[in-house]
Amino acid sequence: MIEDYHFGSMTIGGRSYQADIKIIDGRVVNDWWRQQAHVLGVLDVDDILAAAPEILIVGMGQPGMMRVAETLQVTLAARGIELAEEPTAKAVQSFNKLYLEGKRVAAAFHLTC
């Protein structure tokens with residue numbers, strides 16, 4: 001569960017993170033950055049693809065500036081992984097809800113813009 005999010009910071013399990021993170025099978029991957037700044041591509045989430053979650057939640061930043069590359073959208077669809085793209089505050093709520101429902105959910109969160 002994500003305990004708190006505000007611009008530039010997220011708290012999970014009592015630990016605060018100040019850089020973009022991924023959550024895969026309950027494990028936090030911190031200090032994560034994409035190959036193309038505000039574009040999320042296939043290689044940026046190869047570890048998430050390997051875990052094969054039911055749903056990938058993408059927190060696109062507070063104002064939602066990050067976007068998911070079309071190649072990743074196609075790859076997720078081909079693997080039967082649902083994609084939810086939302087501003088990070090909303091994505092945190094979606095992640096927590098799905099997690100509590102017992103879904104196999106992974107996430108990629110951009111914590112700032």
# chains A, B, ... in the order shown; residues from 1 in each chain; ligands from 1

$ select_by_dssp --residues "segment 12-57 of chain A" --states "strand (DSSP E)" --output "PyMOL selection string"
chain A and resi 12+15-17+21-24+27-29+39-40+55-57

$ closest_atom_pairs --of "segment 62-103 of chain A" --to "segment 45-54 of chain A" --cutoff "7 Å" --atoms "only C-alpha atoms" --output "CSV"
residue,atom,partner,partner_atom,distance
A:Ile81,CA,A:Glu54,CA,5.1
A:Glu82,CA,A:Glu54,CA,6.2
A:Lys103,CA,A:Glu54,CA,6.9

$ write_last_selection --atoms "all heavy atoms" --output "PDB file, in the first residue's frame"
ATOM      1  N   ILE A  81      -2.338  -7.343 -20.619  1.00  0.00           N
ATOM      2  CA  ILE A  81      -2.139  -6.521 -19.424  1.00  0.00           C
ATOM      3  C   ILE A  81      -2.912  -5.216 -19.601  1.00  0.00           C
ATOM      4  O   ILE A  81      -2.667  -4.464 -20.547  1.00  0.00           O
ATOM      5  CB  ILE A  81      -0.637  -6.226 -19.187  1.00  0.00           C
ATOM      6  CG1 ILE A  81       0.142  -7.532 -19.008  1.00  0.00           C
ATOM      7  CG2 ILE A  81      -0.458  -5.305 -17.977  1.00  0.00           C
ATOM      8  CD1 ILE A  81       1.659  -7.365 -18.976  1.00  0.00           C
ATOM      9  N   GLU A  82      -3.833  -4.972 -18.700  1.00  0.00           N
ATOM     10  CA  GLU A  82      -4.624  -3.752 -18.749  1.00  0.00           C
ATOM     11  C   GLU A  82      -3.744  -2.559 -18.376  1.00  0.00           C
ATOM     12  O   GLU A  82      -2.895  -2.658 -17.493  1.00  0.00           O
ATOM     13  CB  GLU A  82      -5.791  -3.871 -17.766  1.00  0.00           C
ATOM     14  CG  GLU A  82      -6.729  -2.703 -17.775  1.00  0.00           C
ATOM     15  CD  GLU A  82      -7.852  -2.864 -16.758  1.00  0.00           C
ATOM     16  OE1 GLU A  82      -8.216  -4.014 -16.428  1.00  0.00           O
ATOM     17  OE2 GLU A  82      -8.345  -1.825 -16.281  1.00  0.00           O
ATOM     18  N   LYS A 103      -5.827  -7.766  -6.709  1.00  0.00           N
ATOM     19  CA  LYS A 103      -5.405  -7.830  -8.112  1.00  0.00           C
ATOM     20  C   LYS A 103      -3.882  -7.882  -8.194  1.00  0.00           C
ATOM     21  O   LYS A 103      -3.182  -7.377  -7.333  1.00  0.00           O
ATOM     22  CB  LYS A 103      -5.899  -6.602  -8.882  1.00  0.00           C
ATOM     23  CG  LYS A 103      -7.394  -6.417  -8.869  1.00  0.00           C
ATOM     24  CD  LYS A 103      -8.077  -7.399  -9.749  1.00  0.00           C
ATOM     25  CE  LYS A 103      -9.567  -7.080  -9.809  1.00  0.00           C
ATOM     26  NZ  LYS A 103     -10.305  -8.040 -10.561  1.00  0.00           N
TER      27      LYS A 103
END

$ closest_residue --among "A:Val74, A:Ala108, A:Met66, A:Leu56" --to "Gln36 of chain A" --atoms "only C-alpha atoms"
A:Met66

$ residues_around --residues "Val28 of chain A" --least-positions-apart "2" --cutoff "12 Å" --atoms "only C-alpha atoms" --output "JSON list (two decimals) with all heavy atoms, in the first residue's frame"
[["chain", "number", "residue", "atom", "x", "y", "z"],
["A", 1, "MET", "N", 0.83, -1.19, 0.00],
["A", 1, "MET", "CA", 0.00, 0.00, 0.00],
["A", 1, "MET", "C", 0.87, 1.25, 0.00],
["A", 1, "MET", "O", 1.90, 1.29, 0.65],
["A", 1, "MET", "CB", -0.89, 0.04, 1.24],
["A", 1, "MET", "CG", -2.01, -0.96, 1.29],
["A", 1, "MET", "SD", -3.41, -0.49, 0.30],
["A", 1, "MET", "CE", -3.90, 1.02, 1.07],
["A", 2, "ILE", "N", 0.40, 2.22, -0.72],
["A", 2, "ILE", "CA", 1.06, 3.52, -0.73],
["A", 2, "ILE", "C", 0.43, 4.37, 0.36],
["A", 2, "ILE", "O", -0.79, 4.55, 0.38],
["A", 2, "ILE", "CB", 0.93, 4.18, -2.12],
["A", 2, "ILE", "CG1", 1.57, 3.29, -3.18],
["A", 2, "ILE", "CG2", 1.57, 5.57, -2.10],
["A", 2, "ILE", "CD1", 1.20, 3.64, -4.59],
["A", 10, "MET", "N", 6.91, 10.03, -2.31],
["A", 10, "MET", "CA", 5.93, 8.97, -2.08],
["A", 10, "MET", "C", 6.40, 8.14, -0.89],
["A", 10, "MET", "O", 7.60, 7.86, -0.76],
["A", 10, "MET", "CB", 5.79, 8.09, -3.32],
["A", 10, "MET", "CG", 4.66, 7.08, -3.24],
["A", 10, "MET", "SD", 4.42, 6.16, -4.79],
["A", 10, "MET", "CE", 3.59, 7.41, -5.78],
["A", 11, "THR", "N", 5.47, 7.75, -0.02],
["A", 11, "THR", "CA", 5.81, 6.94, 1.15],
["A", 11, "THR", "C", 5.14, 5.58, 1.01],
["A", 11, "THR", "O", 3.92, 5.48, 0.82],
["A", 11, "THR", "CB", 5.35, 7.63, 2.45],
["A", 11, "THR", "OG1", 5.94, 8.92, 2.51],
["A", 11, "THR", "CG2", 5.76, 6.82, 3.67],
["A", 12, "ILE", "N", 5.96, 4.54, 1.14],
["A", 12, "ILE", "CA", 5.50, 3.15, 1.05],
["A", 12, "ILE", "C", 6.19, 2.38, 2.17],
["A", 12, "ILE", "O", 7.41, 2.40, 2.29],
["A", 12, "ILE", "CB", 5.87, 2.51, -0.31],
["A", 12, "ILE", "CG1", 5.27, 3.33, -1.46],
["A", 12, "ILE", "CG2", 5.40, 1.06, -0.37],
["A", 12, "ILE", "CD1", 5.80, 2.93, -2.81],
["A", 13, "GLY", "N", 5.40, 1.68, 2.98],
["A", 13, "GLY", "CA", 5.97, 0.90, 4.06],
["A", 13, "GLY", "C", 6.81, 1.72, 5.02],
["A", 13, "GLY", "O", 7.82, 1.23, 5.53],
["A", 15, "ARG", "N", 8.75, 4.10, 4.34],
["A", 15, "ARG", "CA", 9.95, 4.65, 3.69],
["A", 15, "ARG", "C", 9.54, 5.69, 2.66],
["A", 15, "ARG", "O", 8.62, 5.47, 1.87],
["A", 15, "ARG", "CB", 10.75, 3.54, 3.03],
["A", 15, "ARG", "CG", 12.01, 4.04, 2.39],
["A", 15, "ARG", "CD", 12.89, 2.93, 1.91],
["A", 15, "ARG", "NE", 14.03, 3.53, 1.20],
["A", 15, "ARG", "CZ", 14.83, 2.86, 0.42],
["A", 15, "ARG", "NH1", 14.67, 1.58, 0.23],
["A", 15, "ARG", "NH2", 15.82, 3.47, -0.19],
["A", 16, "SER", "N", 10.24, 6.80, 2.65],
["A", 16, "SER", "CA", 9.95, 7.88, 1.72],
["A", 16, "SER", "C", 10.88, 7.81, 0.51],
["A", 16, "SER", "O", 12.09, 7.60, 0.66],
["A", 16, "SER", "CB", 10.12, 9.22, 2.44],
["A", 16, "SER", "OG", 9.78, 10.27, 1.59],
["A", 17, "TYR", "N", 10.31, 8.00, -0.68],
["A", 17, "TYR", "CA", 11.07, 7.99, -1.93],
["A", 17, "TYR", "C", 10.94, 9.36, -2.59],
["A", 17, "TYR", "O", 9.83, 9.90, -2.66],
["A", 17, "TYR", "CB", 10.55, 6.91, -2.87],
["A", 17, "TYR", "CG", 10.67, 5.52, -2.30],
["A", 17, "TYR", "CD1", 9.63, 4.96, -1.54],
["A", 17, "TYR", "CD2", 11.82, 4.76, -2.49],
["A", 17, "TYR", "CE1", 9.74, 3.69, -1.00],
["A", 17, "TYR", "CE2", 11.93, 3.48, -1.95],
["A", 17, "TYR", "CZ", 10.89, 2.95, -1.21],
["A", 17, "TYR", "OH", 11.01, 1.71, -0.67],
["A", 19, "ALA", "N", 12.39, 9.94, -5.77],
["A", 19, "ALA", "CA", 12.66, 9.76, -7.20],
["A", 19, "ALA", "C", 11.61, 8.80, -7.75],
["A", 19, "ALA", "O", 10.97, 8.08, -6.99],
["A", 19, "ALA", "CB", 14.06, 9.21, -7.41],
["A", 20, "ASP", "N", 11.45, 8.81, -9.06],
["A", 20, "ASP", "CA", 10.46, 7.95, -9.69],
["A", 20, "ASP", "C", 10.67, 6.49, -9.28],
["A", 20, "ASP", "O", 11.81, 6.05, -9.10],
["A", 20, "ASP", "CB", 10.55, 8.07, -11.21],
["A", 20, "ASP", "CG", 10.14, 9.46, -11.69],
["A", 20, "ASP", "OD1", 9.73, 10.29, -10.87],
["A", 20, "ASP", "OD2", 10.23, 9.69, -12.90],
["A", 21, "ILE", "N", 9.55, 5.78, -9.15],
["A", 21, "ILE", "CA", 9.63, 4.39, -8.69],
["A", 21, "ILE", "C", 8.71, 3.48, -9.50],
["A", 21, "ILE", "O", 7.79, 3.96, -10.17],
["A", 21, "ILE", "CB", 9.25, 4.24, -7.19],
["A", 21, "ILE", "CG1", 7.79, 4.62, -6.97],
["A", 21, "ILE", "CG2", 10.18, 5.04, -6.31],
["A", 21, "ILE", "CD1", 7.27, 4.22, -5.61],
["A", 22, "LYS", "N", 9.00, 2.20, -9.41],
["A", 22, "LYS", "CA", 8.11, 1.16, -9.92],
["A", 22, "LYS", "C", 7.77, 0.25, -8.75],
["A", 22, "LYS", "O", 8.58, 0.10, -7.83],
["A", 22, "LYS", "CB", 8.78, 0.34, -11.02],
["A", 22, "LYS", "CG", 9.08, 1.12, -12.27],
["A", 22, "LYS", "CD", 9.63, 0.25, -13.36],
["A", 22, "LYS", "CE", 11.12, 0.05, -13.23],
["A", 22, "LYS", "NZ", 11.73, -0.66, -14.37],
["A", 23, "ILE", "N", 6.58, -0.34, -8.80],
["A", 23, "ILE", "CA", 6.20, -1.36, -7.82],
["A", 23, "ILE", "C", 5.86, -2.62, -8.60],
["A", 23, "ILE", "O", 4.98, -2.60, -9.47],
["A", 23, "ILE", "CB", 4.99, -0.91, -6.97],
["A", 23, "ILE", "CG1", 5.31, 0.39, -6.23],
["A", 23, "ILE", "CG2", 4.61, -2.02, -5.98],
["A", 23, "ILE", "CD1", 4.12, 0.98, -5.48],
["A", 24, "ILE", "N", 6.58, -3.69, -8.29],
["A", 24, "ILE", "CA", 6.42, -4.95, -9.00],
["A", 24, "ILE", "C", 6.32, -6.06, -7.97],
["A", 24, "ILE", "O", 7.25, -6.27, -7.18],
["A", 24, "ILE", "CB", 7.64, -5.22, -9.92],
["A", 24, "ILE", "CG1", 7.90, -4.02, -10.83],
["A", 24, "ILE", "CG2", 7.43, -6.50, -10.73],
["A", 24, "ILE", "CD1", 9.29, -4.01, -11.44],
["A", 25, "ASP", "N", 5.20, -6.77, -7.96],
["A", 25, "ASP", "CA", 4.99, -7.86, -6.99],
["A", 25, "ASP", "C", 5.28, -7.42, -5.56],
["A", 25, "ASP", "O", 5.91, -8.15, -4.79],
["A", 25, "ASP", "CB", 5.85, -9.08, -7.36],
["A", 25, "ASP", "CG", 5.36, -9.77, -8.63],
["A", 25, "ASP", "OD1", 4.16, -9.69, -8.93],
["A", 25, "ASP", "OD2", 6.20, -10.37, -9.33],
["A", 26, "GLY", "N", 4.86, -6.21, -5.21],
["A", 26, "GLY", "CA", 5.04, -5.70, -3.86],
["A", 26, "GLY", "C", 6.42, -5.16, -3.55],
["A", 26, "GLY", "O", 6.68, -4.68, -2.46],
["A", 30, "ASN", "N", 13.44, 1.73, -6.80],
["A", 30, "ASN", "CA", 13.57, 3.18, -6.67],
["A", 30, "ASN", "C", 14.64, 3.75, -7.60],
["A", 30, "ASN", "O", 15.37, 3.01, -8.25],
["A", 30, "ASN", "CB", 13.83, 3.57, -5.22],
["A", 30, "ASN", "CG", 15.12, 3.01, -4.67],
["A", 30, "ASN", "OD1", 15.76, 2.17, -5.29],
["A", 30, "ASN", "ND2", 15.51, 3.46, -3.51],
["A", 31, "ASP", "N", 14.69, 5.08, -7.64],
["A", 31, "ASP", "CA", 15.62, 5.81, -8.52],
["A", 31, "ASP", "C", 15.53, 5.32, -9.96],
["A", 31, "ASP", "O", 16.53, 5.11, -10.64],
["A", 31, "ASP", "CB", 17.07, 5.70, -8.02],
["A", 31, "ASP", "CG", 17.36, 6.70, -6.94],
["A", 31, "ASP", "OD1", 16.62, 7.69, -6.82],
["A", 31, "ASP", "OD2", 18.34, 6.50, -6.21],
["A", 32, "TRP", "N", 14.33, 5.17, -10.42],
["A", 32, "TRP", "CA", 14.06, 4.68, -11.77],
["A", 32, "TRP", "C", 13.88, 5.86, -12.70],
["A", 32, "TRP", "O", 13.24, 6.85, -12.36],
["A", 32, "TRP", "CB", 12.81, 3.80, -11.71],
["A", 32, "TRP", "CG", 12.16, 3.55, -13.04],
["A", 32, "TRP", "CD1", 12.67, 2.78, -14.05],
["A", 32, "TRP", "CD2", 10.91, 4.04, -13.50],
["A", 32, "TRP", "NE1", 11.79, 2.78, -15.11],
["A", 32, "TRP", "CE2", 10.71, 3.56, -14.78],
["A", 32, "TRP", "CE3", 9.94, 4.88, -12.93],
["A", 32, "TRP", "CZ2", 9.57, 3.85, -15.53],
["A", 32, "TRP", "CZ3", 8.81, 5.17, -13.67],
["A", 32, "TRP", "CH2", 8.63, 4.65, -14.95],
["A", 47, "ASP", "N", 11.02, -5.22, -16.62],
["A", 47, "ASP", "CA", 10.84, -6.01, -15.40],
["A", 47, "ASP", "C", 9.36, -6.17, -15.05],
["A", 47, "ASP", "O", 8.94, -7.23, -14.55],
["A", 47, "ASP", "CB", 11.62, -5.40, -14.23],
["A", 47, "ASP", "CG", 11.45, -3.90, -14.08],
["A", 47, "ASP", "OD1", 10.75, -3.26, -14.89],
["A", 47, "ASP", "OD2", 12.05, -3.33, -13.14],
["A", 48, "ILE", "N", 8.56, -5.17, -15.33],
["A", 48, "ILE", "CA", 7.11, -5.29, -15.11],
["A", 48, "ILE", "C", 6.51, -6.27, -16.10],
["A", 48, "ILE", "O", 5.71, -7.13, -15.73],
["A", 48, "ILE", "CB", 6.43, -3.91, -15.22],
["A", 48, "ILE", "CG1", 6.82, -3.04, -14.02],
["A", 48, "ILE", "CG2", 4.91, -4.05, -15.31],
["A", 48, "ILE", "CD1", 6.32, -1.61, -14.07],
["A", 106, "ALA", "N", 0.83, -3.83, -10.97],
["A", 106, "ALA", "CA", 2.17, -3.24, -10.94],
["A", 106, "ALA", "C", 2.00, -1.76, -11.25],
["A", 106, "ALA", "O", 0.96, -1.33, -11.76],
["A", 106, "ALA", "CB", 3.08, -3.89, -11.99],
["A", 107, "ALA", "N", 3.03, -0.97, -10.95],
["A", 107, "ALA", "CA", 2.93, 0.46, -11.17],
["A", 107, "ALA", "C", 4.26, 1.07, -11.56],
["A", 107, "ALA", "O", 5.32, 0.57, -11.19],
["A", 107, "ALA", "CB", 2.40, 1.15, -9.91],
["A", 108, "ALA", "N", 4.15, 2.17, -12.30],
["A", 108, "ALA", "CA", 5.29, 2.99, -12.65],
["A", 108, "ALA", "C", 4.87, 4.43, -12.35],
["A", 108, "ALA", "O", 3.93, 4.93, -12.94],
["A", 108, "ALA", "CB", 5.64, 2.83, -14.12],
["A", 109, "PHE", "N", 5.53, 5.06, -11.37],
["A", 109, "PHE", "CA", 5.13, 6.38, -10.92],
["A", 109, "PHE", "C", 6.17, 7.45, -11.20],
["A", 109, "PHE", "O", 7.31, 7.34, -10.77],
["A", 109, "PHE", "CB", 4.88, 6.37, -9.40],
["A", 109, "PHE", "CG", 3.68, 5.59, -8.98],
["A", 109, "PHE", "CD1", 3.83, 4.40, -8.29],
["A", 109, "PHE", "CD2", 2.40, 6.05, -9.23],
["A", 109, "PHE", "CE1", 2.73, 3.67, -7.86],
["A", 109, "PHE", "CE2", 1.28, 5.33, -8.82],
["A", 109, "PHE", "CZ", 1.44, 4.15, -8.13]]

$ select_by_dssp --residues "chain A" --states "helix (DSSP H, G or I)" --output "ChimeraX atom specification"
/A:42-51,70-78,88-100

$ closest_residue --among "A:Ala84, A:Ala91, A:Met65, A:Ala78" --to "His38 of chain A" --atoms "only C-alpha atoms"
A:Met65

$ residues_around --residues "Val68 of chain A" --least-positions-apart "4" --cutoff "12 Å" --atoms "only C-alpha atoms" --output "list in words"
Arg34, Gln36, Ala37, His38, Val39, Leu40, Gly41, Val42, Leu43, Asp44, Val45, Leu56, Ile57, Val58, Gly59, Met60, Gly64, Leu72, Gln73, Val74, Thr75, Leu76, Leu83, Ala84, Glu85, Glu86, Ala108, Phe109 and His110 of chain A

$ atom_distance --atom1 "atom CA of Ser9 of chain A" --atom2 "atom CA of Leu100 of chain A"
21.9 Å

$ atom_distance --atom1 "atom CA of Gly14 of chain A" --atom2 "atom CA of Arg67 of chain A"
28.7 Å

$ atom_distance --atom1 "atom CA of Cys113 of chain A" --atom2 "atom CA of Gly80 of chain A"
28.8 Å

$ decode --residues "segment 33-101 of chain A" --atoms "C-alpha atoms" --output "JSON list (two decimals), in the first residue's frame"
[["chain", "number", "residue", "atom", "x", "y", "z"],
["A", 33, "TRP", "CA", 14.26, 6.83, -14.88],
["A", 34, "ARG", "CA", 13.07, 6.34, -18.41],
["A", 35, "GLN", "CA", 15.23, 6.27, -21.53],
["A", 36, "GLN", "CA", 13.26, 9.21, -22.97],
["A", 37, "ALA", "CA", 12.42, 11.48, -19.99],
["A", 38, "HIS", "CA", 8.63, 11.90, -20.26],
["A", 39, "VAL", "CA", 7.93, 8.91, -22.51],
["A", 40, "LEU", "CA", 7.38, 5.47, -21.02],
["A", 41, "GLY", "CA", 8.62, 2.78, -23.40],
["A", 42, "VAL", "CA", 8.83, -1.00, -23.47],
["A", 43, "LEU", "CA", 12.44, -1.16, -22.23],
["A", 44, "ASP", "CA", 11.57, 1.08, -19.28],
["A", 45, "VAL", "CA", 9.22, -1.57, -17.88],
["A", 46, "ASP", "CA", 10.81, -4.82, -19.02],
["A", 47, "ASP", "CA", 10.84, -6.01, -15.40],
["A", 48, "ILE", "CA", 7.11, -5.29, -15.11],
["A", 49, "LEU", "CA", 6.43, -7.14, -18.36],
["A", 50, "ALA", "CA", 8.40, -10.13, -17.04],
["A", 51, "ALA", "CA", 6.23, -10.16, -13.90],
["A", 52, "ALA", "CA", 3.07, -10.28, -16.07],
["A", 53, "PRO", "CA", 0.65, -8.36, -13.85],
["A", 54, "GLU", "CA", -3.06, -8.12, -14.63],
["A", 55, "ILE", "CA", -2.89, -4.33, -14.61],
["A", 56, "LEU", "CA", -0.19, -1.70, -15.03],
["A", 57, "ILE", "CA", -0.93, 1.63, -13.37],
["A", 58, "VAL", "CA", 1.09, 4.53, -14.75],
["A", 59, "GLY", "CA", 1.31, 7.66, -12.62],
["A", 60, "MET", "CA", 1.99, 10.32, -15.23],
["A", 61, "GLY", "CA", 3.18, 13.04, -12.83],
["A", 62, "GLN", "CA", 1.18, 15.57, -10.88],
["A", 63, "PRO", "CA", -0.04, 17.46, -13.97],
["A", 64, "GLY", "CA", 0.22, 14.32, -16.15],
["A", 65, "MET", "CA", 3.12, 15.27, -18.45],
["A", 66, "MET", "CA", 4.51, 11.75, -18.95],
["A", 67, "ARG", "CA", 2.97, 9.64, -21.70],
["A", 68, "VAL", "CA", 2.97, 5.95, -22.61],
["A", 69, "ALA", "CA", 4.57, 5.17, -25.97],
["A", 70, "GLU", "CA", 2.33, 3.51, -28.53],
["A", 71, "THR", "CA", 4.76, 0.57, -28.75],
["A", 72, "LEU", "CA", 4.24, -0.09, -25.03],
["A", 73, "GLN", "CA", 0.47, 0.21, -25.37],
["A", 74, "VAL", "CA", 0.55, -2.41, -28.15],
["A", 75, "THR", "CA", 2.88, -4.70, -26.16],
["A", 76, "LEU", "CA", 0.65, -4.55, -23.06],
["A", 77, "ALA", "CA", -2.48, -5.27, -25.10],
["A", 78, "ALA", "CA", -0.80, -8.23, -26.81],
["A", 79, "ARG", "CA", 0.10, -9.68, -23.40],
["A", 80, "GLY", "CA", -3.36, -9.11, -21.94],
["A", 81, "ILE", "CA", -2.14, -6.52, -19.42],
["A", 82, "GLU", "CA", -4.62, -3.75, -18.75],
["A", 83, "LEU", "CA", -3.20, -0.21, -18.78],
["A", 84, "ALA", "CA", -4.39, 2.69, -16.62],
["A", 85, "GLU", "CA", -2.74, 6.07, -17.23],
["A", 86, "GLU", "CA", -3.56, 8.77, -14.68],
["A", 87, "PRO", "CA", -2.02, 11.77, -12.95],
["A", 88, "THR", "CA", 0.04, 10.37, -10.09],
["A", 89, "ALA", "CA", -2.30, 11.36, -7.23],
["A", 90, "LYS", "CA", -5.20, 9.51, -8.92],
["A", 91, "ALA", "CA", -2.92, 6.62, -9.90],
["A", 92, "VAL", "CA", -1.99, 6.14, -6.21],
["A", 93, "GLN", "CA", -5.68, 5.82, -5.32],
["A", 94, "SER", "CA", -6.24, 3.35, -8.18],
["A", 95, "PHE", "CA", -3.20, 1.29, -7.20],
["A", 96, "ASN", "CA", -4.25, 1.05, -3.54],
["A", 97, "LYS", "CA", -7.82, 0.09, -4.47],
["A", 98, "LEU", "CA", -6.71, -2.66, -6.86],
["A", 99, "TYR", "CA", -4.09, -3.90, -4.41],
["A", 100, "LEU", "CA", -6.73, -4.19, -1.66],
["A", 101, "GLU", "CA", -8.98, -6.09, -4.08]]
